[in-house]
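Asks: Here you go, this is data-v1.csv (CSV, C-alpha atoms).
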```csv
chain,number,residue,atom,x,y,z
A,1,MET,CA,9.7,19.5,-11.2
A,2,ASN,CA,8.4,16.0,-11.7
A,3,LEU,CA,4.8,16.6,-10.9
A,4,GLU,CA,3.8,15.8,-14.5
A,5,LEU,CA,1.7,12.6,-14.9
A,6,GLN,CA,3.3,9.8,-16.8
A,7,ILE,CA,0.6,7.7,-18.4
A,8,LEU,CA,1.1,3.9,-18.2
A,9,VAL,CA,-2.2,2.5,-19.4
A,10,MET,CA,-4.9,4.2,-21.4
A,11,ARG,CA,-7.9,2.2,-22.5
A,12,GLU,CA,-11.5,3.2,-22.7
A,13,GLU,CA,-12.3,1.6,-19.4
A,14,LEU,CA,-9.0,2.0,-17.5
A,15,MET,CA,-6.3,4.6,-17.2
A,16,ALA,CA,-3.2,4.5,-14.9
A,17,GLY,CA,-0.2,6.8,-14.4
A,18,TYR,CA,2.4,8.0,-12.0
A,19,ILE,CA,4.3,11.1,-10.9
A,20,GLY,CA,7.8,11.5,-9.6
A,21,PRO,CA,10.5,11.1,-8.5
A,22,ILE,CA,10.2,14.3,-6.6
A,23,SER,CA,12.1,16.1,-3.9
A,24,PRO,CA,10.3,17.7,-0.9
A,25,SER,CA,10.6,21.2,-2.3
A,26,ASP,CA,8.5,20.2,-5.4
A,27,LEU,CA,5.4,20.0,-3.2
A,28,SER,CA,6.1,23.0,-1.0
A,29,ASP,CA,3.5,25.1,-2.7
A,30,TYR,CA,0.7,22.5,-2.7
A,31,ASN,CA,-2.1,25.0,-2.1
A,32,ASN,CA,-2.6,25.3,-5.9
A,33,TYR,CA,-3.7,21.7,-6.2
A,34,PHE,CA,-5.9,21.2,-3.1
A,35,SER,CA,-9.3,22.4,-2.0
A,36,VAL,CA,-9.9,24.3,1.2
A,37,ALA,CA,-11.3,21.1,2.9
A,38,GLU,CA,-8.2,19.2,1.8
A,39,ARG,CA,-5.9,21.9,3.0
A,40,GLN,CA,-7.5,21.6,6.5
A,41,LYS,CA,-7.0,17.8,6.4
A,42,ILE,CA,-3.4,18.3,5.3
A,43,ALA,CA,-2.6,20.4,8.4
A,44,GLU,CA,-3.7,17.4,10.6
A,45,ILE,CA,-1.5,14.8,8.8
A,46,PRO,CA,1.6,13.8,10.8
A,47,ASP,CA,4.8,15.2,9.2
A,48,ILE,CA,6.1,11.7,8.3
A,49,ARG,CA,3.1,11.0,6.1
A,50,ARG,CA,2.3,14.4,4.7
A,51,GLN,CA,4.4,14.2,1.5
A,52,ASP,CA,3.2,10.7,0.7
A,53,TRP,CA,-0.4,11.9,1.1
A,54,LEU,CA,0.2,14.9,-1.1
A,55,LEU,CA,1.9,13.0,-3.7
A,56,GLY,CA,-0.7,10.2,-3.9
A,57,ARG,CA,-3.6,12.6,-4.0
A,58,LEU,CA,-1.9,14.7,-6.7
A,59,ALA,CA,-1.3,11.6,-8.9
A,60,LEU,CA,-5.0,10.7,-8.5
A,61,LYS,CA,-6.1,14.2,-9.3
A,62,ARG,CA,-3.9,14.5,-12.4
A,63,LEU,CA,-5.0,11.0,-13.6
A,64,THR,CA,-8.7,11.7,-13.0
A,65,ALA,CA,-8.5,15.0,-14.9
A,66,GLU,CA,-6.9,13.2,-17.9
A,67,TYR,CA,-9.5,10.5,-17.7
A,68,LEU,CA,-12.4,12.9,-17.6
A,69,ALA,CA,-10.9,14.9,-20.5
A,70,LYS,CA,-10.5,11.8,-22.6
A,71,ILE,CA,-13.6,9.8,-21.8
A,72,GLU,CA,-16.2,12.5,-20.8
A,73,ALA,CA,-14.8,15.5,-22.6
A,74,GLN,CA,-14.8,17.5,-19.4
A,75,SER,CA,-12.2,19.9,-18.1
A,76,VAL,CA,-11.8,19.8,-14.3
A,77,SER,CA,-9.1,21.5,-12.3
A,78,ASP,CA,-7.0,19.6,-9.7
A,79,SER,CA,-8.7,21.3,-6.7
A,80,ASN,CA,-12.1,20.2,-7.9
A,81,ILE,CA,-11.2,16.5,-7.8
A,82,GLU,CA,-11.2,14.9,-4.3
A,83,LEU,CA,-11.0,11.4,-2.9
A,84,VAL,CA,-13.6,11.3,-0.1
A,85,LEU,CA,-13.6,8.8,2.7
A,86,GLU,CA,-16.9,8.4,4.6
A,87,GLY,CA,-16.7,5.5,7.0
A,88,GLN,CA,-16.0,2.5,4.9
A,89,ASP,CA,-17.1,4.3,1.8
A,90,ARG,CA,-14.4,5.8,-0.5
A,91,PHE,CA,-15.4,7.6,-3.6
A,92,LEU,CA,-14.3,10.4,-6.0
A,93,SER,CA,-16.0,13.7,-5.8
A,94,ILE,CA,-15.8,15.7,-9.0
A,95,ALA,CA,-16.8,19.4,-8.5
A,96,GLY,CA,-18.9,18.3,-5.6
A,97,GLU,CA,-20.6,15.4,-7.4
A,98,LYS,CA,-20.2,11.9,-5.9
A,99,ARG,CA,-18.9,9.6,-8.7
A,100,SER,CA,-19.5,6.1,-7.4
A,101,ASP,CA,-19.4,4.8,-11.0
A,102,LEU,CA,-15.6,5.3,-11.0
A,103,ALA,CA,-13.3,2.9,-9.2
A,104,VAL,CA,-9.9,4.2,-8.1
A,105,SER,CA,-6.8,3.2,-6.3
A,106,LEU,CA,-3.5,4.9,-5.4
A,107,SER,CA,-0.1,4.0,-4.1
A,108,HIS,CA,3.0,5.9,-3.1
A,109,THR,CA,6.5,4.9,-2.1
A,110,ARG,CA,9.4,6.4,-0.1
A,111,SER,CA,7.8,9.9,-0.5
A,112,GLU,CA,9.2,10.0,-4.1
A,113,LEU,CA,6.7,8.4,-6.4
A,114,ALA,CA,3.0,7.9,-6.5
A,115,ALA,CA,0.8,6.0,-8.9
A,116,ALA,CA,-2.9,5.9,-9.5
A,117,VAL,CA,-5.5,4.0,-11.5
A,118,ILE,CA,-9.1,4.8,-12.5
A,119,GLY,CA,-11.7,2.8,-14.3
A,120,SER,CA,-15.4,2.6,-15.0
A,121,ARG,CA,-17.4,0.3,-12.8
A,122,ALA,CA,-19.4,-0.5,-15.9
A,123,SER,CA,-16.7,-2.9,-16.9
A,124,LEU,CA,-14.9,-3.8,-13.6
A,125,SER,CA,-15.7,-4.4,-10.0
A,126,GLY,CA,-12.5,-3.1,-8.6
A,127,VAL,CA,-9.0,-1.9,-9.4
A,128,GLY,CA,-5.8,-1.9,-7.4
A,129,ILE,CA,-2.4,-0.4,-7.9
A,130,ASP,CA,0.9,-0.7,-6.0
A,131,ILE,CA,4.3,0.9,-6.5
A,132,GLU,CA,7.4,-0.2,-4.6
A,133,SER,CA,11.1,0.1,-5.0
A,134,ILE,CA,12.8,-3.1,-5.9
A,135,ARG,CA,14.6,-4.3,-2.7
A,136,THR,CA,16.2,-7.3,-1.1
A,137,PHE,CA,13.8,-8.7,1.5
A,138,ASP,CA,14.7,-10.6,4.6
A,139,GLU,CA,14.1,-14.4,4.1
A,140,ALA,CA,11.7,-14.4,7.1
A,141,PHE,CA,9.7,-11.6,5.4
A,142,ILE,CA,9.5,-13.5,2.1
A,143,LYS,CA,8.3,-16.7,3.9
A,144,ARG,CA,5.7,-14.7,5.7
A,145,PHE,CA,4.0,-13.2,2.7
A,146,MET,CA,4.5,-15.8,0.0
A,147,ASN,CA,2.7,-19.1,0.1
A,148,ASP,CA,4.8,-22.3,-0.1
A,149,LYS,CA,4.5,-22.7,-3.9
A,150,GLU,CA,5.3,-19.0,-4.6
A,151,TYR,CA,8.3,-19.4,-2.3
A,152,ALA,CA,9.5,-22.5,-4.1
A,153,ASP,CA,9.2,-20.7,-7.5
A,154,TRP,CA,11.1,-17.7,-6.1
A,155,SER,CA,13.8,-19.7,-4.5
A,156,ARG,CA,14.6,-21.5,-7.8
A,157,LEU,CA,15.3,-18.2,-9.5
A,158,PRO,CA,18.9,-16.9,-9.9
A,159,VAL,CA,19.8,-14.8,-6.9
A,160,LEU,CA,20.2,-11.7,-9.0
A,161,LEU,CA,16.6,-12.0,-10.1
A,162,GLN,CA,15.1,-12.7,-6.7
A,163,PRO,CA,14.7,-9.0,-5.4
A,164,GLU,CA,12.7,-8.0,-8.5
A,165,ARG,CA,10.4,-11.1,-8.3
A,166,ALA,CA,9.8,-10.7,-4.6
A,167,THR,CA,8.9,-7.1,-5.1
A,168,LEU,CA,6.6,-8.0,-7.9
A,169,VAL,CA,4.8,-10.7,-5.9
A,170,TRP,CA,4.4,-8.2,-3.0
A,171,CYS,CA,2.9,-5.6,-5.4
A,172,LEU,CA,0.6,-8.1,-6.9
A,173,LYS,CA,-0.8,-9.1,-3.5
A,174,GLU,CA,-1.2,-5.6,-2.3
A,175,ALA,CA,-2.9,-4.5,-5.6
A,176,TRP,CA,-5.2,-7.5,-5.4
A,177,GLY,CA,-6.2,-6.6,-1.8
A,178,LYS,CA,-6.9,-3.1,-2.8
A,179,ALA,CA,-9.0,-4.2,-5.8
A,180,LEU,CA,-11.1,-6.4,-3.4
A,181,GLY,CA,-11.3,-3.5,-0.9
A,182,THR,CA,-9.7,-5.5,1.9
A,183,GLY,CA,-6.1,-4.2,1.5
A,184,LEU,CA,-3.7,-6.4,3.5
A,185,GLY,CA,-6.4,-7.2,6.0
A,186,ILE,CA,-6.4,-10.6,4.4
A,187,ASN,CA,-3.3,-12.7,5.0
A,188,PRO,CA,-1.1,-12.2,1.8
A,189,LYS,CA,-0.4,-15.9,1.6
A,190,ARG,CA,-4.0,-16.4,0.6
A,191,PHE,CA,-3.4,-14.4,-2.6
A,192,ASP,CA,-1.9,-17.0,-5.0
A,193,THR,CA,-0.1,-14.9,-7.6
A,194,ARG,CA,1.6,-17.7,-9.6
A,195,GLN,CA,-0.8,-17.5,-12.6
A,196,LEU,CA,-0.7,-13.7,-12.7
A,197,ILE,CA,3.0,-13.2,-13.4
A,198,GLY,CA,3.6,-12.5,-17.1
A,199,GLN,CA,6.0,-10.4,-19.1
A,200,GLU,CA,6.5,-6.8,-18.3
A,201,LYS,CA,4.1,-4.4,-20.0
A,202,THR,CA,2.0,-7.3,-21.3
A,203,PRO,CA,-1.4,-7.7,-19.7
A,204,LYS,CA,-2.1,-11.2,-18.3
A,205,THR,CA,-5.6,-12.4,-17.6
A,206,ASN,CA,-6.4,-15.3,-15.4
A,207,GLY,CA,-10.1,-15.9,-14.9
A,208,LYS,CA,-11.6,-12.6,-14.0
A,209,ILE,CA,-8.3,-10.9,-13.0
A,210,THR,CA,-6.1,-8.9,-15.4
A,211,VAL,CA,-2.7,-7.7,-14.4
A,212,CYS,CA,-0.1,-5.5,-16.0
A,213,TRP,CA,3.2,-4.6,-14.5
A,214,THR,CA,6.1,-2.5,-15.4
A,215,LYS,CA,9.4,-1.1,-14.1
A,216,VAL,CA,9.7,2.7,-14.0
A,217,GLU,CA,12.6,5.1,-13.0
A,218,LYS,CA,15.0,2.1,-13.1
A,219,ASP,CA,14.2,0.5,-9.8
A,220,TYR,CA,10.5,0.8,-9.1
A,221,ILE,CA,7.8,-1.7,-10.0
A,222,ILE,CA,4.2,-0.7,-10.6
A,223,VAL,CA,1.4,-3.3,-10.7
A,224,ILE,CA,-2.1,-2.6,-11.9
A,225,LEU,CA,-4.7,-5.2,-11.2
A,226,GLN,CA,-8.4,-5.2,-12.3
A,227,LEU,CA,-11.2,-7.4,-11.4
A,228,ASP,CA,-13.9,-7.7,-14.0
A,229,ASN,CA,-17.4,-6.8,-13.0
A,230,THR,CA,-18.7,-10.3,-12.6
A,231,HIS,CA,-15.9,-11.1,-10.2
A,232,ALA,CA,-17.4,-10.1,-6.9
A,233,GLU,CA,-16.4,-12.3,-3.9
A,234,GLU,CA,-14.4,-15.1,-5.3
A,235,SER,CA,-10.6,-15.4,-5.9
A,236,VAL,CA,-9.2,-15.5,-2.3
B,1,MET,CA,8.3,-15.5,32.2
B,2,GLN,CA,6.3,-12.6,33.6
B,3,LYS,CA,7.1,-9.0,32.9
B,4,ASN,CA,5.5,-5.9,34.3
B,5,LEU,CA,3.8,-3.4,32.0
B,6,SER,CA,6.6,-0.9,31.9
B,7,GLU,CA,9.1,-3.7,30.9
B,8,ILE,CA,6.7,-4.8,28.1
B,9,GLU,CA,6.3,-1.3,26.9
B,10,GLU,CA,10.0,-0.8,26.8
B,11,GLU,CA,10.5,-4.0,24.9
B,12,VAL,CA,7.7,-3.2,22.3
B,13,LEU,CA,8.9,0.4,21.8
B,14,GLY,CA,12.4,-0.9,21.2
B,15,ILE,CA,11.3,-3.3,18.5
B,16,ILE,CA,9.2,-0.6,16.8
B,17,ALA,CA,12.0,1.9,17.0
B,18,SER,CA,14.5,-0.5,15.5
B,19,VAL,CA,12.2,-1.4,12.5
B,20,LEU,CA,11.0,2.1,11.8
B,21,ASN,CA,14.4,3.8,12.5
B,22,ASN,CA,12.9,6.0,15.2
B,23,LEU,CA,14.0,6.8,18.7
B,24,SER,CA,11.9,4.8,21.2
B,25,SER,CA,11.7,7.9,23.4
B,26,GLU,CA,9.8,9.7,20.6
B,27,ILE,CA,7.2,6.9,20.2
B,28,LYS,CA,4.0,7.3,22.3
B,29,LYS,CA,1.5,4.6,23.2
B,30,THR,CA,-1.2,6.7,21.5
B,31,ASP,CA,0.7,6.8,18.2
B,32,SER,CA,-1.0,5.2,15.2
B,33,ILE,CA,1.2,2.4,13.7
B,34,ASN,CA,0.1,3.6,10.2
B,35,ASP,CA,1.3,7.1,11.0
B,36,LEU,CA,4.7,5.9,12.3
B,37,SER,CA,5.5,3.8,9.2
B,38,HIS,CA,6.1,4.9,5.7
B,39,ASP,CA,4.3,2.1,3.9
B,40,SER,CA,2.8,-1.3,4.0
B,41,ILE,CA,6.1,-3.1,3.6
B,42,GLN,CA,7.4,-1.4,6.8
B,43,LEU,CA,4.2,-2.4,8.6
B,44,PHE,CA,4.8,-6.0,7.5
B,45,GLU,CA,8.4,-5.8,8.6
B,46,LEU,CA,7.2,-4.8,12.0
B,47,LEU,CA,5.0,-7.9,12.1
B,48,VAL,CA,8.0,-10.1,11.1
B,49,ALA,CA,10.3,-8.4,13.7
B,50,PHE,CA,7.8,-9.1,16.5
B,51,GLU,CA,7.4,-12.7,15.4
B,52,LYS,CA,11.2,-13.2,15.3
B,53,PHE,CA,11.7,-11.6,18.7
B,54,TYR,CA,9.0,-13.6,20.4
B,55,ALA,CA,9.5,-16.8,18.2
B,56,ILE,CA,5.8,-17.0,17.3
B,57,GLU,CA,3.6,-16.9,14.3
B,58,ALA,CA,0.8,-14.4,15.2
B,59,ALA,CA,-2.8,-14.8,14.0
B,60,TYR,CA,-2.5,-12.5,11.0
B,61,GLU,CA,-6.0,-11.1,10.9
B,62,ASP,CA,-5.9,-10.4,14.7
B,63,VAL,CA,-2.6,-8.5,14.4
B,64,MET,CA,-3.8,-6.4,11.5
B,65,LYS,CA,-6.6,-5.0,13.7
B,66,LEU,CA,-4.1,-3.4,16.0
B,67,GLU,CA,-4.0,0.3,15.4
B,68,THR,CA,-1.8,2.0,18.0
B,69,VAL,CA,1.4,1.3,19.8
B,70,GLY,CA,-0.7,0.8,23.0
B,71,ASP,CA,-2.7,-1.9,21.2
B,72,ILE,CA,0.5,-3.7,20.4
B,73,VAL,CA,1.6,-3.4,24.1
B,74,SER,CA,-1.7,-4.9,25.2
B,75,TYR,CA,-1.5,-7.7,22.6
B,76,VAL,CA,2.0,-8.6,23.7
B,77,GLN,CA,1.0,-8.4,27.4
B,78,ARG,CA,-2.0,-10.7,26.7
B,79,VAL,CA,-0.8,-13.1,24.1
B,80,ILE,CA,2.9,-13.4,24.8
B,81,TYR,CA,3.1,-13.0,28.5
B,82,ASN,CA,-0.4,-14.2,29.3
B,83,ASN,CA,-0.6,-11.3,31.7
B,84,GLN,CA,-3.9,-9.4,32.1
B,85,ASP,CA,-2.9,-6.7,34.5
```
Is it possible to express this structure as C-alpha cells?

Replies:
Amino acid sequence: MNLELQILVMREELMAGYIGPISPSDLSDYNNYFSVAERQKIAEIPDIRRQDWLLGRLALKRLTAEYLAKIEAQSVSDSNIELVLEGQDRFLSIAGEKRSDLAVSLSHTRSELAAAVIGSRASLSGVGIDIESIRTFDEAFIKRFMNDKEYADWSRLPVLLQPERATLVWCLKEAWGKALGTGLGINPKRFDTRQLIGQEKTPKTNGKITVCWTKVEKDYIIVILQLDNTHAEESV
Amino acid sequence: MQKNLSEIEEEVLGIIASVLNNLSSEIKKTDSINDLSHDSIQLFELLVAFEKFYAIEAAYEDVMKLETVGDIVSYVQRVIYNNQD
C-alpha cells in the first residue's frame, strides 16, 4: 500500500506532501478514512472521478493530521477531517469546527498520485499545489497556455528538456490559479511564470509569491505556490 | 455553412470522444465536462481540439464557463454556425 504520506515541505507556516502511486485496490476499503457524510457524497461521484476524489481527500486528511499534530499538538483521525464546499466557500472542518484560518489546496493525477498543501492564513493569503506527470504536449497546446515570452524560452531548450519544462510551467500556472482562488478560470497566458522557475527543491521568491517544485516517483512534477498575506489581488 | 442541431451534436460528441478516449454513444448532453475528464490538462486539450477543428481562438473566459456537453453544443451552434435554432 502506498497510502502513507510523503512529506515534501515542513515549515511552521506551511506543510505539503503526497501519497501514491497506488493501484485501485489500495482504496477499495475507503470507509475507514471517511465520515458518514463523505461516504454519502462518494456514492454520488461518477466512477471515472471517484478514485481521484478519494485519493485527493485522503492526501489532504493525512497532511492535515500531520500539521495539527506538529503545530497544534492535536491528534485528529482521518474521518474527523473534512474539506467542506459551501457555495464559493471552501474550508477545512476539524471535528466539526470550521477552520477558516487554514488555507489548503490539493491535486491529483491519473488516479495514481495526490498531493496537498496546508498553511496558516496568518502568514499567507493563499496556497496552491499541482501535480502532473511529465508529458510531451502538442505544440498547439503549448502555444495556448504559454505566453509568447514563455514559449520563446521553452522553444530554445534542448528537445529532451522540453517536456519537463512544459509540465513545470503548466503546474506553476495551475497552482497560481488555485492560490488566487480562480483556478484556470483566468486565461493561463496571463500568469507569467518566467521569474518563478528556479532550481528543483529550492524555494524561489518573486515579489509576494514563493514557489518550490520537485520531481517525485521519477516522472511526476509537484509545484507548491504560496502568496504572502499582503498579496491580495495583484499579480495577474 | 449551416448545420442542423443533430449534425452539430454528432460533431461535438465526436470531438469530445476522441480527446477523452470515450465512445461518443456513451456521452450524454447532460454530462458534466469535468466529470468526463480526468484532469485539467484533459479539459484544456478539449479546448485546443475544438479550436483546431473549427480553426478559431475561442474567448477563453467564456469557454471556461461551459459546464455540460449540452453547453458546448449550444456554444458551437451559436458561435461557430451562427445558428440560433

Asks: Which residues are near stretch 23-35 of chain A? Cut-off 8 Å, only C-alpha atoms, ignore same chain within fewer than 5 positions. Put them as a list in words.

Replies: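 What passes the distance filter is Met1, Asn2, Leu3, Gln51, Leu54, Leu55, Leu58, Asp78, Ser79, Asn80 and Glu112 of chain A.
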
Asks: Rounded to one decimal place, report the atom CA of A:Ala59-atom CA of A:Gly126 distance in Å.

Replies: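 If I compute the distance from atom CA of A:Ala59 to atom CA of A:Gly126, I get 18.5 Å.
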
Asks: Find the residues of chain B in contact range of chain A, meaning any atom within 12 Å when counting only C-alpha atoms, and list them as an NGL selection string.

Replies: :B and (20 or 22 or 31-53 or 55-66)

Asks: Can you measure atom CA of A:Leu5 to atom CA of A:Lys178 for me? One decimal in Å is fine.

Replies: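 Result for atom CA of A:Leu5 versus atom CA of A:Lys178: 21.6 Å, one decimal.
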
Asks: Name the closest residue to B:Glu26 among the candidates B:Ile72, B:Leu13, B:Ile8, B:Ile80; distances are taken between atoms, counting all atoms listed in the file.

Replies: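 Selected residue with least distance to B:Glu26: B:Leu13.
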
Asks: Rank A:Leu92, A:Val159, A:Ala114, A:Ala73 by their smallest atom-to-atom distance to A:Ile222, using all atoms listed in the file, and report the top residue only.

Replies: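 Closest candidate: A:Ala114.
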
Asks: Calculate how many Å separate atom CA of A:Val9 from atom CA of A:Leu161, rounding to one decimal.

Replies: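 Computing the Euclidean distance for atom CA of A:Val9 and atom CA of A:Leu161 yields 25.5 Å.
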
Asks: From the options A:Ile131, A:Leu180, A:Ile81, A:Ile42, which residue's atoms come nearest to A:Lys215, counting all atoms listed in the file?

Replies: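 Closest candidate: A:Ile131.
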
Asks: Identify which of the residues A:Ala116, A:Val76, A:Ile209, A:Leu83 lies closest to A:Ala95, counting only C-alpha atoms when measuring atom-to-atom distances.

Replies: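 Checking each candidate against A:Ala95, we get A:Val76 as the closest.
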
Asks: Determine, counting all atoms listed in the file, which protein, DNA and RNA residues have an atom within 9 Å of an atom of B:Tyr81; residues of the same chain fewer than 4 positions away are not included. Present the result as a list in words.

Replies: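 Within the cut-off, the hits are Met1, Gln2, Lys3, Ile8, Val76 and Gln77 of chain B.
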
Asks: Using only C-alpha atoms, determine which residues lie at most 9 Å from A:Thr202, disregarding the query and same-chain residues fewer than 2 positions distant; provide the list as number ranges by chain.

Replies: A: 198-200, 204, 211-214

Asks: Skip A:Leu63 itself and residues of its chain fewer than 5 positions away, then list as a PDB file with C-alpha atoms, in the frame of the given file all residues within 12 Å of it, counting only C-alpha atoms.

Replies:
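Below you can see around-v2.pdb, which holds the result:
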```
ATOM      1  CA  LEU A   3       4.800  16.600 -10.900  1.00  0.00           C
ATOM      2  CA  GLU A   4       3.800  15.800 -14.500  1.00  0.00           C
ATOM      3  CA  LEU A   5       1.700  12.600 -14.900  1.00  0.00           C
ATOM      4  CA  GLN A   6       3.300   9.800 -16.800  1.00  0.00           C
ATOM      5  CA  ILE A   7       0.600   7.700 -18.400  1.00  0.00           C
ATOM      6  CA  LEU A   8       1.100   3.900 -18.200  1.00  0.00           C
ATOM      7  CA  VAL A   9      -2.200   2.500 -19.400  1.00  0.00           C
ATOM      8  CA  MET A  10      -4.900   4.200 -21.400  1.00  0.00           C
ATOM      9  CA  LEU A  14      -9.000   2.000 -17.500  1.00  0.00           C
ATOM     10  CA  MET A  15      -6.300   4.600 -17.200  1.00  0.00           C
ATOM     11  CA  ALA A  16      -3.200   4.500 -14.900  1.00  0.00           C
ATOM     12  CA  GLY A  17      -0.200   6.800 -14.400  1.00  0.00           C
ATOM     13  CA  TYR A  18       2.400   8.000 -12.000  1.00  0.00           C
ATOM     14  CA  ILE A  19       4.300  11.100 -10.900  1.00  0.00           C
ATOM     15  CA  GLY A  56      -0.700  10.200  -3.900  1.00  0.00           C
ATOM     16  CA  ARG A  57      -3.600  12.600  -4.000  1.00  0.00           C
ATOM     17  CA  LEU A  58      -1.900  14.700  -6.700  1.00  0.00           C
ATOM     18  CA  LEU A  68     -12.400  12.900 -17.600  1.00  0.00           C
ATOM     19  CA  ALA A  69     -10.900  14.900 -20.500  1.00  0.00           C
ATOM     20  CA  LYS A  70     -10.500  11.800 -22.600  1.00  0.00           C
ATOM     21  CA  ILE A  71     -13.600   9.800 -21.800  1.00  0.00           C
ATOM     22  CA  VAL A  76     -11.800  19.800 -14.300  1.00  0.00           C
ATOM     23  CA  SER A  77      -9.100  21.500 -12.300  1.00  0.00           C
ATOM     24  CA  ASP A  78      -7.000  19.600  -9.700  1.00  0.00           C
ATOM     25  CA  ILE A  81     -11.200  16.500  -7.800  1.00  0.00           C
ATOM     26  CA  GLU A  82     -11.200  14.900  -4.300  1.00  0.00           C
ATOM     27  CA  VAL A 104      -9.900   4.200  -8.100  1.00  0.00           C
ATOM     28  CA  SER A 105      -6.800   3.200  -6.300  1.00  0.00           C
ATOM     29  CA  LEU A 106      -3.500   4.900  -5.400  1.00  0.00           C
ATOM     30  CA  ALA A 114       3.000   7.900  -6.500  1.00  0.00           C
ATOM     31  CA  ALA A 115       0.800   6.000  -8.900  1.00  0.00           C
ATOM     32  CA  ALA A 116      -2.900   5.900  -9.500  1.00  0.00           C
ATOM     33  CA  VAL A 117      -5.500   4.000 -11.500  1.00  0.00           C
ATOM     34  CA  ILE A 118      -9.100   4.800 -12.500  1.00  0.00           C
ATOM     35  CA  GLY A 119     -11.700   2.800 -14.300  1.00  0.00           C
TER      36      GLY A 119
END
```
